[in-house]
>>> print(open('model-v9.pdb').read())   # PDB, C-alpha atoms and all ligand atoms
ATOM      1  CA  MET A   1    -146.775  41.070-248.131  1.00  0.00           C
ATOM      2  CA  SER A   2    -146.510  37.816-246.180  1.00  0.00           C
ATOM      3  CA  ALA A   3    -149.527  36.442-244.308  1.00  0.00           C
ATOM      4  CA  ILE A   4    -147.884  37.321-240.998  1.00  0.00           C
ATOM      5  CA  GLU A   5    -147.186  40.903-242.092  1.00  0.00           C
ATOM      6  CA  GLU A   6    -150.707  41.243-243.448  1.00  0.00           C
ATOM      7  CA  LEU A   7    -152.366  40.153-240.190  1.00  0.00           C
ATOM      8  CA  THR A   8    -150.038  42.366-238.143  1.00  0.00           C
ATOM      9  CA  THR A   9    -150.896  45.340-240.350  1.00  0.00           C
ATOM     10  CA  GLU A  10    -154.651  44.709-239.975  1.00  0.00           C
ATOM     11  CA  LEU A  11    -154.433  44.301-236.194  1.00  0.00           C
ATOM     12  CA  ALA A  12    -152.351  47.464-235.889  1.00  0.00           C
ATOM     13  CA  LYS A  13    -155.270  49.432-237.396  1.00  0.00           C
ATOM     14  CA  LEU A  14    -157.441  48.599-234.341  1.00  0.00           C
ATOM     15  CA  PRO A  15    -157.836  51.296-231.668  1.00  0.00           C
ATOM     16  CA  GLY A  16    -155.310  51.107-228.861  1.00  0.00           C
ATOM     17  CA  ILE A  17    -153.151  48.545-230.647  1.00  0.00           C
ATOM     18  CA  GLY A  18    -149.777  49.664-231.887  1.00  0.00           C
ATOM     19  CA  ARG A  19    -147.390  47.801-234.139  1.00  0.00           C
ATOM     20  CA  LYS A  20    -145.717  46.075-231.190  1.00  0.00           C
ATOM     21  CA  THR A  21    -148.950  44.711-229.684  1.00  0.00           C
ATOM     22  CA  ALA A  22    -150.145  43.708-233.158  1.00  0.00           C
ATOM     23  CA  THR A  23    -146.988  41.655-233.663  1.00  0.00           C
ATOM     24  CA  ARG A  24    -147.412  40.030-230.249  1.00  0.00           C
ATOM     25  CA  LEU A  25    -151.051  39.148-231.011  1.00  0.00           C
ATOM     26  CA  THR A  26    -150.113  37.679-234.391  1.00  0.00           C
ATOM     27  CA  TYR A  27    -147.503  35.385-232.850  1.00  0.00           C
ATOM     28  CA  HIS A  28    -149.909  34.493-230.041  1.00  0.00           C
ATOM     29  CA  LEU A  29    -152.475  33.389-232.648  1.00  0.00           C
ATOM     30  CA  LEU A  30    -149.834  31.367-234.491  1.00  0.00           C
ATOM     31  CA  LYS A  31    -149.311  29.311-231.340  1.00  0.00           C
ATOM     32  CA  GLN A  32    -153.046  28.513-230.941  1.00  0.00           C
ATOM     33  CA  PRO A  33    -154.738  25.402-232.374  1.00  0.00           C
ATOM     34  CA  ALA A  34    -155.961  26.098-235.934  1.00  0.00           C
ATOM     35  CA  GLU A  35    -159.618  25.605-234.929  1.00  0.00           C
ATOM     36  CA  ALA A  36    -159.437  28.320-232.266  1.00  0.00           C
ATOM     37  CA  VAL A  37    -158.053  30.786-234.811  1.00  0.00           C
ATOM     38  CA  THR A  38    -160.700  29.769-237.363  1.00  0.00           C
ATOM     39  CA  ARG A  39    -163.416  30.340-234.727  1.00  0.00           C
ATOM     40  CA  LEU A  40    -162.099  33.870-234.140  1.00  0.00           C
ATOM     41  CA  ALA A  41    -161.995  34.566-237.884  1.00  0.00           C
ATOM     42  CA  ARG A  42    -165.581  33.270-238.299  1.00  0.00           C
ATOM     43  CA  SER A  43    -166.933  35.402-235.460  1.00  0.00           C
ATOM     44  CA  ILE A  44    -165.359  38.507-237.017  1.00  0.00           C
ATOM     45  CA  GLU A  45    -166.933  37.530-240.343  1.00  0.00           C
ATOM     46  CA  ALA A  46    -170.310  36.952-238.662  1.00  0.00           C
ATOM     47  CA  VAL A  47    -170.506  40.416-237.079  1.00  0.00           C
ATOM     48  CA  ALA A  48    -169.427  42.018-240.363  1.00  0.00           C
ATOM     49  CA  GLU A  49    -172.134  40.144-242.279  1.00  0.00           C
ATOM     50  CA  ARG A  50    -175.054  40.041-239.854  1.00  0.00           C
ATOM     51  CA  VAL A  51    -174.891  43.092-237.585  1.00  0.00           C
ATOM     52  CA  ARG A  52    -176.491  46.274-238.906  1.00  0.00           C
ATOM     53  CA  PRO A  53    -177.584  49.594-237.371  1.00  0.00           C
ATOM     54  CA  CYS A  54    -181.252  49.626-236.305  1.00  0.00           C
ATOM     55  CA  THR A  55    -183.062  51.982-238.705  1.00  0.00           C
ATOM     56  CA  THR A  56    -185.026  53.463-235.796  1.00  0.00           C
ATOM     57  CA  CYS A  57    -182.402  54.053-233.098  1.00  0.00           C
ATOM     58  CA  GLY A  58    -179.007  53.232-234.628  1.00  0.00           C
ATOM     59  CA  ASN A  59    -178.246  50.455-232.125  1.00  0.00           C
ATOM     60  CA  LEU A  60    -176.137  47.657-233.618  1.00  0.00           C
ATOM     61  CA  ASP A  61    -177.932  44.320-233.774  1.00  0.00           C
ATOM     62  CA  GLU A  62    -178.781  41.403-236.029  1.00  0.00           C
ATOM     63  CA  ALA A  63    -182.462  42.376-235.911  1.00  0.00           C
ATOM     64  CA  ASP A  64    -183.900  45.569-237.410  1.00  0.00           C
ATOM     65  CA  PRO A  65    -185.717  47.085-235.564  1.00  0.00           C
ATOM     66  CA  CYS A  66    -183.492  46.055-232.676  1.00  0.00           C
ATOM     67  CA  PRO A  67    -184.797  44.228-229.546  1.00  0.00           C
ATOM     68  CA  ILE A  68    -184.785  47.456-227.494  1.00  0.00           C
ATOM     69  CA  CYS A  69    -187.027  49.206-230.044  1.00  0.00           C
ATOM     70  CA  THR A  70    -189.454  46.267-230.170  1.00  0.00           C
ATOM     71  CA  ASP A  71    -189.558  45.523-226.414  1.00  0.00           C
ATOM     72  CA  GLY A  72    -193.103  46.524-225.410  1.00  0.00           C
ATOM     73  CA  ARG A  73    -192.143  46.724-221.735  1.00  0.00           C
ATOM     74  CA  ARG A  74    -189.842  49.644-222.438  1.00  0.00           C
ATOM     75  CA  ASP A  75    -191.065  53.217-222.242  1.00  0.00           C
ATOM     76  CA  GLY A  76    -191.029  54.710-225.740  1.00  0.00           C
ATOM     77  CA  SER A  77    -191.781  58.186-224.399  1.00  0.00           C
ATOM     78  CA  VAL A  78    -188.263  58.567-222.965  1.00  0.00           C
ATOM     79  CA  ILE A  79    -185.320  58.582-225.376  1.00  0.00           C
ATOM     80  CA  CYS A  80    -181.721  58.512-224.201  1.00  0.00           C
ATOM     81  CA  VAL A  81    -179.339  60.034-226.778  1.00  0.00           C
ATOM     82  CA  VAL A  82    -175.824  58.593-226.938  1.00  0.00           C
ATOM     83  CA  GLU A  83    -172.817  59.148-229.178  1.00  0.00           C
ATOM     84  CA  GLU A  84    -172.057  55.546-230.090  1.00  0.00           C
ATOM     85  CA  ALA A  85    -173.928  52.236-230.088  1.00  0.00           C
ATOM     86  CA  SER A  86    -171.343  50.920-227.616  1.00  0.00           C
ATOM     87  CA  ASP A  87    -172.640  53.458-225.041  1.00  0.00           C
ATOM     88  CA  ILE A  88    -175.980  51.598-224.983  1.00  0.00           C
ATOM     89  CA  GLY A  89    -174.306  48.551-223.470  1.00  0.00           C
ATOM     90  CA  ALA A  90    -172.808  50.698-220.702  1.00  0.00           C
ATOM     91  CA  ILE A  91    -176.175  52.242-219.805  1.00  0.00           C
ATOM     92  CA  GLU A  92    -177.976  48.887-220.033  1.00  0.00           C
ATOM     93  CA  ARG A  93    -175.484  47.387-217.568  1.00  0.00           C
ATOM     94  CA  CYS A  94    -176.524  49.906-214.929  1.00  0.00           C
ATOM     95  CA  GLY A  95    -180.040  48.432-215.151  1.00  0.00           C
ATOM     96  CA  GLU A  96    -181.799  51.702-214.264  1.00  0.00           C
ATOM     97  CA  PHE A  97    -182.976  52.895-217.668  1.00  0.00           C
ATOM     98  CA  ARG A  98    -186.206  51.504-219.156  1.00  0.00           C
ATOM     99  CA  GLY A  99    -186.723  53.912-222.053  1.00  0.00           C
ATOM    100  CA  ARG A 100    -185.364  53.702-225.585  1.00  0.00           C
ATOM    101  CA  TYR A 101    -182.210  55.026-227.245  1.00  0.00           C
ATOM    102  CA  HIS A 102    -181.003  57.121-230.118  1.00  0.00           C
ATOM    103  CA  VAL A 103    -177.441  56.775-231.416  1.00  0.00           C
ATOM    104  CA  LEU A 104    -175.976  59.934-232.973  1.00  0.00           C
ATOM    105  CA  GLY A 105    -173.052  58.124-234.559  1.00  0.00           C
ATOM    106  CA  GLY A 106    -170.427  60.469-233.138  1.00  0.00           C
ATOM    107  CA  ARG A 107    -170.153  63.987-231.758  1.00  0.00           C
ATOM    108  CA  LEU A 108    -169.879  67.435-233.261  1.00  0.00           C
ATOM    109  CA  SER A 109    -166.259  68.180-233.985  1.00  0.00           C
ATOM    110  CA  PRO A 110    -165.556  71.069-236.374  1.00  0.00           C
ATOM    111  CA  LEU A 111    -161.814  70.341-236.255  1.00  0.00           C
ATOM    112  CA  ASP A 112    -162.425  66.844-237.620  1.00  0.00           C
ATOM    113  CA  GLY A 113    -165.015  68.146-240.063  1.00  0.00           C
ATOM    114  CA  VAL A 114    -167.965  66.528-238.236  1.00  0.00           C
ATOM    115  CA  GLY A 115    -171.029  68.757-238.545  1.00  0.00           C
ATOM    116  CA  PRO A 116    -174.698  68.279-237.572  1.00  0.00           C
ATOM    117  CA  GLU A 117    -175.509  66.728-240.950  1.00  0.00           C
ATOM    118  CA  ASP A 118    -172.975  63.954-240.278  1.00  0.00           C
ATOM    119  CA  LEU A 119    -174.834  62.829-237.147  1.00  0.00           C
ATOM    120  CA  ARG A 120    -178.302  61.281-236.839  1.00  0.00           C
ATOM    121  CA  ILE A 121    -179.774  64.518-235.469  1.00  0.00           C
ATOM    122  CA  ALA A 122    -182.442  64.987-238.155  1.00  0.00           C
ATOM    123  CA  ALA A 123    -183.577  61.386-237.527  1.00  0.00           C
ATOM    124  CA  LEU A 124    -183.862  62.181-233.805  1.00  0.00           C
ATOM    125  CA  ALA A 125    -185.923  65.296-234.518  1.00  0.00           C
ATOM    126  CA  ALA A 126    -188.186  63.187-236.734  1.00  0.00           C
ATOM    127  CA  ARG A 127    -188.628  60.616-233.946  1.00  0.00           C
ATOM    128  CA  VAL A 128    -189.510  63.293-231.429  1.00  0.00           C
ATOM    129  CA  GLY A 129    -191.921  64.860-233.932  1.00  0.00           C
ATOM    130  CA  ASP A 130    -194.170  67.418-232.264  1.00  0.00           C
ATOM    131  CA  GLY A 131    -193.343  66.076-228.819  1.00  0.00           C
ATOM    132  CA  THR A 132    -196.665  64.345-228.181  1.00  0.00           C
ATOM    133  CA  ALA A 133    -195.388  60.752-228.188  1.00  0.00           C
ATOM    134  CA  VAL A 134    -192.021  61.569-226.595  1.00  0.00           C
ATOM    135  CA  ARG A 135    -192.080  63.379-223.259  1.00  0.00           C
ATOM    136  CA  GLU A 136    -188.392  63.434-222.399  1.00  0.00           C
ATOM    137  CA  VAL A 137    -185.065  63.270-224.232  1.00  0.00           C
ATOM    138  CA  ILE A 138    -182.054  62.568-222.027  1.00  0.00           C
ATOM    139  CA  LEU A 139    -178.769  63.734-223.531  1.00  0.00           C
ATOM    140  CA  ALA A 140    -176.088  61.245-222.530  1.00  0.00           C
ATOM    141  CA  THR A 141    -173.258  62.378-224.766  1.00  0.00           C
ATOM    142  CA  ASN A 142    -169.807  62.059-223.201  1.00  0.00           C
ATOM    143  CA  PRO A 143    -168.659  64.563-220.561  1.00  0.00           C
ATOM    144  CA  SER A 144    -166.073  66.069-222.922  1.00  0.00           C
ATOM    145  CA  MET A 145    -165.941  69.470-224.591  1.00  0.00           C
ATOM    146  CA  GLU A 146    -167.297  68.011-227.843  1.00  0.00           C
ATOM    147  CA  GLY A 147    -169.955  66.006-225.983  1.00  0.00           C
ATOM    148  CA  GLU A 148    -171.155  69.214-224.306  1.00  0.00           C
ATOM    149  CA  VAL A 149    -171.244  71.132-227.584  1.00  0.00           C
ATOM    150  CA  THR A 150    -173.213  68.283-229.145  1.00  0.00           C
ATOM    151  CA  ALA A 151    -175.706  68.200-226.250  1.00  0.00           C
ATOM    152  CA  THR A 152    -176.235  71.964-226.493  1.00  0.00           C
ATOM    153  CA  TYR A 153    -176.784  71.753-230.236  1.00  0.00           C
ATOM    154  CA  VAL A 154    -179.279  68.879-229.978  1.00  0.00           C
ATOM    155  CA  ARG A 155    -181.163  70.695-227.239  1.00  0.00           C
ATOM    156  CA  GLY A 156    -181.495  73.720-229.554  1.00  0.00           C
ATOM    157  CA  VAL A 157    -183.009  71.475-232.222  1.00  0.00           C
ATOM    158  CA  LEU A 158    -185.433  69.691-229.897  1.00  0.00           C
ATOM    159  CA  GLU A 159    -186.624  72.425-227.573  1.00  0.00           C
ATOM    160  CA  PRO A 160    -188.919  74.170-230.104  1.00  0.00           C
ATOM    161  CA  ARG A 161    -190.721  70.819-230.380  1.00  0.00           C
ATOM    162  CA  GLY A 162    -192.061  71.111-226.883  1.00  0.00           C
ATOM    163  CA  VAL A 163    -190.210  68.115-225.471  1.00  0.00           C
ATOM    164  CA  ARG A 164    -188.447  68.106-222.096  1.00  0.00           C
ATOM    165  CA  VAL A 165    -184.674  67.941-222.698  1.00  0.00           C
ATOM    166  CA  THR A 166    -182.409  66.840-219.844  1.00  0.00           C
ATOM    167  CA  ARG A 167    -178.668  66.254-219.525  1.00  0.00           C
ATOM    168  CA  ILE A 168    -177.119  63.477-217.453  1.00  0.00           C
ATOM    169  CA  ALA A 169    -175.341  64.817-214.384  1.00  0.00           C
ATOM    170  CA  LEU A 170    -171.669  65.299-214.947  1.00  0.00           C
ATOM    171  CA  GLY A 171    -170.674  63.294-211.907  1.00  0.00           C
ATOM    172  CA  LEU A 172    -168.845  61.435-214.628  1.00  0.00           C
ATOM    173  CA  PRO A 173    -165.268  62.691-214.770  1.00  0.00           C
ATOM    174  CA  MET A 174    -164.821  65.426-217.390  1.00  0.00           C
ATOM    175  CA  GLY A 175    -163.168  63.991-220.467  1.00  0.00           C
ATOM    176  CA  GLY A 176    -164.176  60.493-219.385  1.00  0.00           C
ATOM    177  CA  GLU A 177    -166.017  58.116-221.633  1.00  0.00           C
ATOM    178  CA  LEU A 178    -169.485  56.863-220.754  1.00  0.00           C
ATOM    179  CA  GLU A 179    -168.550  53.514-222.223  1.00  0.00           C
ATOM    180  CA  TYR A 180    -165.961  52.876-219.534  1.00  0.00           C
ATOM    181  CA  ALA A 181    -167.894  54.231-216.560  1.00  0.00           C
ATOM    182  CA  ASP A 182    -169.160  51.677-214.046  1.00  0.00           C
ATOM    183  CA  GLY A 183    -172.859  50.936-213.574  1.00  0.00           C
ATOM    184  CA  VAL A 184    -173.183  52.792-210.259  1.00  0.00           C
ATOM    185  CA  THR A 185    -171.664  55.965-211.744  1.00  0.00           C
ATOM    186  CA  ILE A 186    -173.981  55.819-214.752  1.00  0.00           C
ATOM    187  CA  ALA A 187    -177.056  55.121-212.589  1.00  0.00           C
ATOM    188  CA  ARG A 188    -176.154  58.157-210.450  1.00  0.00           C
ATOM    189  CA  ALA A 189    -175.569  60.363-213.524  1.00  0.00           C
ATOM    190  CA  LEU A 190    -178.983  59.345-214.890  1.00  0.00           C
ATOM    191  CA  ALA A 191    -180.827  59.825-211.594  1.00  0.00           C
ATOM    192  CA  ALA A 192    -179.329  63.303-211.105  1.00  0.00           C
ATOM    193  CA  ARG A 193    -180.064  64.467-214.663  1.00  0.00           C
ATOM    194  CA  ARG A 194    -181.235  68.047-214.908  1.00  0.00           C
ATOM    195  CA  GLU A 195    -182.990  70.420-217.274  1.00  0.00           C
ATOM    196  CA  MET A 196    -180.520  72.012-219.629  1.00  0.00           C
ATOM    197  CA  GLY A 197    -179.953  75.679-218.795  1.00  0.00           C
ATOM    198  CA  GLU A 198    -179.275  78.432-221.278  1.00  0.00           C
ATOM    199  CA  GLY A 199    -176.061  78.153-223.254  1.00  0.00           C
TER
HETATM  200 ZN    ZN A 201    -183.469  50.163-232.251  1.00  0.00          ZN
END
>>> encode(input="model-v9.pdb", output="structure tokens")
Amino acid sequence: MSAIEELTTELAKLPGIGRKTATRLTYHLLKQPAEAVTRLARSIEAVAERVRPCTTCGNLDEADPCPICTDGRRDGSVICVVEEASDIGAIERCGEFRGRYHVLGGRLSPLDGVGPEDLRIAALAARVGDGTAVREVILATNPSMEGEVTATYVRGVLEPRGVRVTRIALGLPMGGELEYADGVTIARALAARREMGEG
């Protein structure tokens, strides 16, 4: 495979990028000064080498524990549960949440073979413990069918531990992704969170 074909193939593996866009990107890069392309290659290398999931919350950072877990000004008694580390950035941008996070690493999806043991649910239960140090867990999984199923499952695991479990308000459009919601929408969804009912 030629270098051009190889790069196009790699780019085409990225989400939302088809073969056509990958080809366009490759030829765009070929027109750039060599140092600009090298800088891009180095920054990809740097994230691959230095960024790791935080062993406490699953956030992606160069430090472990991550800066959110070590920030003493944040309220460790409130944990916001999200599907992916990228959701943390979306919630942080709204500037309304001062607790800590827990990244599940996905959502329950029987069709794709993703079960509870594939997500960081046991680690969350361990963090919550007997519910004395954590007073509230906010479930901020996506407003999709799978996100709902995941939230219901996690609630079932946590509730016997005596911790308050809330769900962000679904003012977010159903099927939408938290990651792409604007700050105002996320702030509103957080503020209007409610106790999870039966089922
Ligand atoms: Zn962390």
>>> residues_near_ligand(input="model-v9.pdb", ligand="ligand ZN 201 (chain A)", cutoff="8 Å", atoms="only C-alpha atoms and all ligand atoms", output="ChimeraX atom specification")
/A:53-60,64-70,100-102
>>> resolve_selection(input="model-v9.pdb", expression="the PyMOL selection byres (((chain A and resi 107) around 10) and not hetatm)", output="list in words")
Val82, Glu83, Glu84, Leu104, Gly105, Gly106, Leu108, Ser109, Pro110, Val114, Gly115, Pro116, Asp118, Leu119, Arg120, Thr141, Asn142, Ser144, Met145, Glu146, Gly147, Glu148, Val149, Thr150 and Ala151 of chain A
>>> write_last_selection(input="model-v9.pdb", atoms="C-alpha atoms", output="mmCIF file, in the coordinates of the input")
data_model
loop_
_atom_site.group_PDB
_atom_site.id
_atom_site.type_symbol
_atom_site.label_atom_id
_atom_site.label_comp_id
_atom_site.auth_asym_id
_atom_site.auth_seq_id
_atom_site.Cartn_x
_atom_site.Cartn_y
_atom_site.Cartn_z
ATOM 1 C CA VAL A 82 -175.824 58.593 -226.938
ATOM 2 C CA GLU A 83 -172.817 59.148 -229.178
ATOM 3 C CA GLU A 84 -172.057 55.546 -230.090
ATOM 4 C CA LEU A 104 -175.976 59.934 -232.973
ATOM 5 C CA GLY A 105 -173.052 58.124 -234.559
ATOM 6 C CA GLY A 106 -170.427 60.469 -233.138
ATOM 7 C CA LEU A 108 -169.879 67.435 -233.261
ATOM 8 C CA SER A 109 -166.259 68.180 -233.985
ATOM 9 C CA PRO A 110 -165.556 71.069 -236.374
ATOM 10 C CA VAL A 114 -167.965 66.528 -238.236
ATOM 11 C CA GLY A 115 -171.029 68.757 -238.545
ATOM 12 C CA PRO A 116 -174.698 68.279 -237.572
ATOM 13 C CA ASP A 118 -172.975 63.954 -240.278
ATOM 14 C CA LEU A 119 -174.834 62.829 -237.147
ATOM 15 C CA ARG A 120 -178.302 61.281 -236.839
ATOM 16 C CA THR A 141 -173.258 62.378 -224.766
ATOM 17 C CA ASN A 142 -169.807 62.059 -223.201
ATOM 18 C CA SER A 144 -166.073 66.069 -222.922
ATOM 19 C CA MET A 145 -165.941 69.470 -224.591
ATOM 20 C CA GLU A 146 -167.297 68.011 -227.843
ATOM 21 C CA GLY A 147 -169.955 66.006 -225.983
ATOM 22 C CA GLU A 148 -171.155 69.214 -224.306
ATOM 23 C CA VAL A 149 -171.244 71.132 -227.584
ATOM 24 C CA THR A 150 -173.213 68.283 -229.145
ATOM 25 C CA ALA A 151 -175.706 68.200 -226.250
#
>>> residues_around(input="model-v9.pdb", residues="region 6-12 of chain A", least_positions_apart="2", cutoff="12 Å", atoms="only C-alpha atoms", output="PDB file with C-alpha atoms, keeping the file's coordinate frame")
ATOM      1  CA  MET A   1    -146.775  41.070-248.131  1.00  0.00           C
ATOM      2  CA  SER A   2    -146.510  37.816-246.180  1.00  0.00           C
ATOM      3  CA  ALA A   3    -149.527  36.442-244.308  1.00  0.00           C
ATOM      4  CA  ILE A   4    -147.884  37.321-240.998  1.00  0.00           C
ATOM      5  CA  LEU A  14    -157.441  48.599-234.341  1.00  0.00           C
ATOM      6  CA  PRO A  15    -157.836  51.296-231.668  1.00  0.00           C
ATOM      7  CA  GLY A  16    -155.310  51.107-228.861  1.00  0.00           C
ATOM      8  CA  ILE A  17    -153.151  48.545-230.647  1.00  0.00           C
ATOM      9  CA  GLY A  18    -149.777  49.664-231.887  1.00  0.00           C
ATOM     10  CA  ARG A  19    -147.390  47.801-234.139  1.00  0.00           C
ATOM     11  CA  LYS A  20    -145.717  46.075-231.190  1.00  0.00           C
ATOM     12  CA  THR A  21    -148.950  44.711-229.684  1.00  0.00           C
ATOM     13  CA  ALA A  22    -150.145  43.708-233.158  1.00  0.00           C
ATOM     14  CA  THR A  23    -146.988  41.655-233.663  1.00  0.00           C
ATOM     15  CA  ARG A  24    -147.412  40.030-230.249  1.00  0.00           C
ATOM     16  CA  LEU A  25    -151.051  39.148-231.011  1.00  0.00           C
ATOM     17  CA  THR A  26    -150.113  37.679-234.391  1.00  0.00           C
ATOM     18  CA  TYR A  27    -147.503  35.385-232.850  1.00  0.00           C
ATOM     19  CA  HIS A  28    -149.909  34.493-230.041  1.00  0.00           C
ATOM     20  CA  LEU A  29    -152.475  33.389-232.648  1.00  0.00           C
ATOM     21  CA  LEU A  30    -149.834  31.367-234.491  1.00  0.00           C
ATOM     22  CA  ALA A  41    -161.995  34.566-237.884  1.00  0.00           C
TER      23      ALA A  41
END
>>> atom_distance(input="model-v9.pdb", atom1="CA of Glu49 (chain A)", atom2="CA of Val103 (chain A)")
20.6 Å
>>> residues_around(input="model-v9.pdb", residues="Gly162 (chain A)", least_positions_apart="3", cutoff="8 Å", atoms="all atoms listed in the file", output="count of residues only")
4
>>> atom_distance(input="model-v9.pdb", atom1="CA of Cys94 (chain A)", atom2="CA of Thr185 (chain A)")
8.4 Å
>>> decode(input="model-v9.pdb", residues="region 95-119 of chain A", atoms="N, CA and C atoms", output="mmCIF file, in the first residue's frame")
data_model
loop_
_atom_site.group_PDB
_atom_site.id
_atom_site.type_symbol
_atom_site.label_atom_id
_atom_site.label_comp_id
_atom_site.auth_asym_id
_atom_site.auth_seq_id
_atom_site.Cartn_x
_atom_site.Cartn_y
_atom_site.Cartn_z
ATOM 1 N N GLY A 95 -20.508 24.879 33.341
ATOM 2 C CA GLY A 95 -20.029 25.620 34.509
ATOM 3 C C GLY A 95 -20.897 25.551 35.750
ATOM 4 N N GLU A 96 -21.874 24.640 35.779
ATOM 5 C CA GLU A 96 -22.823 24.585 36.896
ATOM 6 C C GLU A 96 -22.555 23.424 37.845
ATOM 7 N N PHE A 97 -21.700 22.492 37.432
ATOM 8 C CA PHE A 97 -21.510 21.290 38.241
ATOM 9 C C PHE A 97 -20.181 21.340 38.987
ATOM 10 N N ARG A 98 -20.210 21.193 40.307
ATOM 11 C CA ARG A 98 -18.988 21.278 41.108
ATOM 12 C C ARG A 98 -18.682 19.978 41.840
ATOM 13 N N GLY A 99 -19.331 18.883 41.435
ATOM 14 C CA GLY A 99 -19.041 17.595 42.056
ATOM 15 C C GLY A 99 -17.970 16.868 41.258
ATOM 16 N N ARG A 100 -17.945 15.557 41.386
ATOM 17 C CA ARG A 100 -16.978 14.750 40.634
ATOM 18 C C ARG A 100 -17.724 13.849 39.652
ATOM 19 N N TYR A 101 -16.948 13.089 38.862
ATOM 20 C CA TYR A 101 -17.541 12.296 37.786
ATOM 21 C C TYR A 101 -17.231 10.821 37.921
ATOM 22 N N HIS A 102 -17.999 10.037 37.160
ATOM 23 C CA HIS A 102 -17.651 8.630 36.981
ATOM 24 C C HIS A 102 -18.003 8.245 35.544
ATOM 25 N N VAL A 103 -17.002 7.783 34.808
ATOM 26 C CA VAL A 103 -17.196 7.408 33.404
ATOM 27 C C VAL A 103 -17.482 5.907 33.314
ATOM 28 N N LEU A 104 -18.613 5.552 32.698
ATOM 29 C CA LEU A 104 -18.971 4.136 32.578
ATOM 30 C C LEU A 104 -18.188 3.441 31.470
ATOM 31 N N GLY A 105 -17.807 4.215 30.458
ATOM 32 C CA GLY A 105 -17.092 3.620 29.330
ATOM 33 C C GLY A 105 -18.028 3.033 28.287
ATOM 34 N N GLY A 106 -19.257 3.552 28.239
ATOM 35 C CA GLY A 106 -20.217 3.080 27.245
ATOM 36 C C GLY A 106 -21.604 3.012 27.845
ATOM 37 N N ARG A 107 -22.466 2.236 27.229
ATOM 38 C CA ARG A 107 -23.842 2.071 27.696
ATOM 39 C C ARG A 107 -24.230 0.622 27.486
ATOM 40 N N LEU A 108 -25.208 0.175 28.252
ATOM 41 C CA LEU A 108 -25.676 -1.200 28.094
ATOM 42 C C LEU A 108 -26.300 -1.358 26.712
ATOM 43 N N SER A 109 -25.888 -2.377 26.021
ATOM 44 C CA SER A 109 -26.427 -2.614 24.686
ATOM 45 C C SER A 109 -26.346 -4.099 24.357
ATOM 46 N N PRO A 110 -27.388 -4.854 24.749
ATOM 47 C CA PRO A 110 -27.365 -6.309 24.541
ATOM 48 C C PRO A 110 -27.112 -6.686 23.081
ATOM 49 N N LEU A 111 -27.666 -5.878 22.155
ATOM 50 C CA LEU A 111 -27.494 -6.192 20.731
ATOM 51 C C LEU A 111 -26.036 -6.140 20.299
ATOM 52 N N ASP A 112 -25.263 -5.245 20.938
ATOM 53 C CA ASP A 112 -23.839 -5.146 20.614
ATOM 54 C C ASP A 112 -22.996 -5.977 21.577
ATOM 55 N N GLY A 113 -23.675 -6.733 22.430
ATOM 56 C CA GLY A 113 -22.953 -7.584 23.378
ATOM 57 C C GLY A 113 -22.300 -6.820 24.517
ATOM 58 N N VAL A 114 -22.847 -5.620 24.850
ATOM 59 C CA VAL A 114 -22.295 -4.846 25.971
ATOM 60 C C VAL A 114 -23.169 -5.074 27.206
ATOM 61 N N GLY A 115 -22.622 -5.781 28.168
ATOM 62 C CA GLY A 115 -23.337 -6.077 29.413
ATOM 63 C C GLY A 115 -22.765 -5.276 30.566
ATOM 64 N N PRO A 116 -23.373 -5.385 31.755
ATOM 65 C CA PRO A 116 -22.936 -4.616 32.926
ATOM 66 C C PRO A 116 -21.454 -4.801 33.259
ATOM 67 N N GLU A 117 -20.958 -6.027 33.018
ATOM 68 C CA GLU A 117 -19.557 -6.306 33.366
ATOM 69 C C GLU A 117 -18.571 -5.607 32.423
ATOM 70 N N ASP A 118 -19.089 -5.106 31.286
ATOM 71 C CA ASP A 118 -18.218 -4.405 30.339
ATOM 72 C C ASP A 118 -18.089 -2.922 30.691
ATOM 73 N N LEU A 119 -18.948 -2.444 31.589
ATOM 74 C CA LEU A 119 -18.912 -1.036 31.979
ATOM 75 C C LEU A 119 -18.326 -0.916 33.388
#
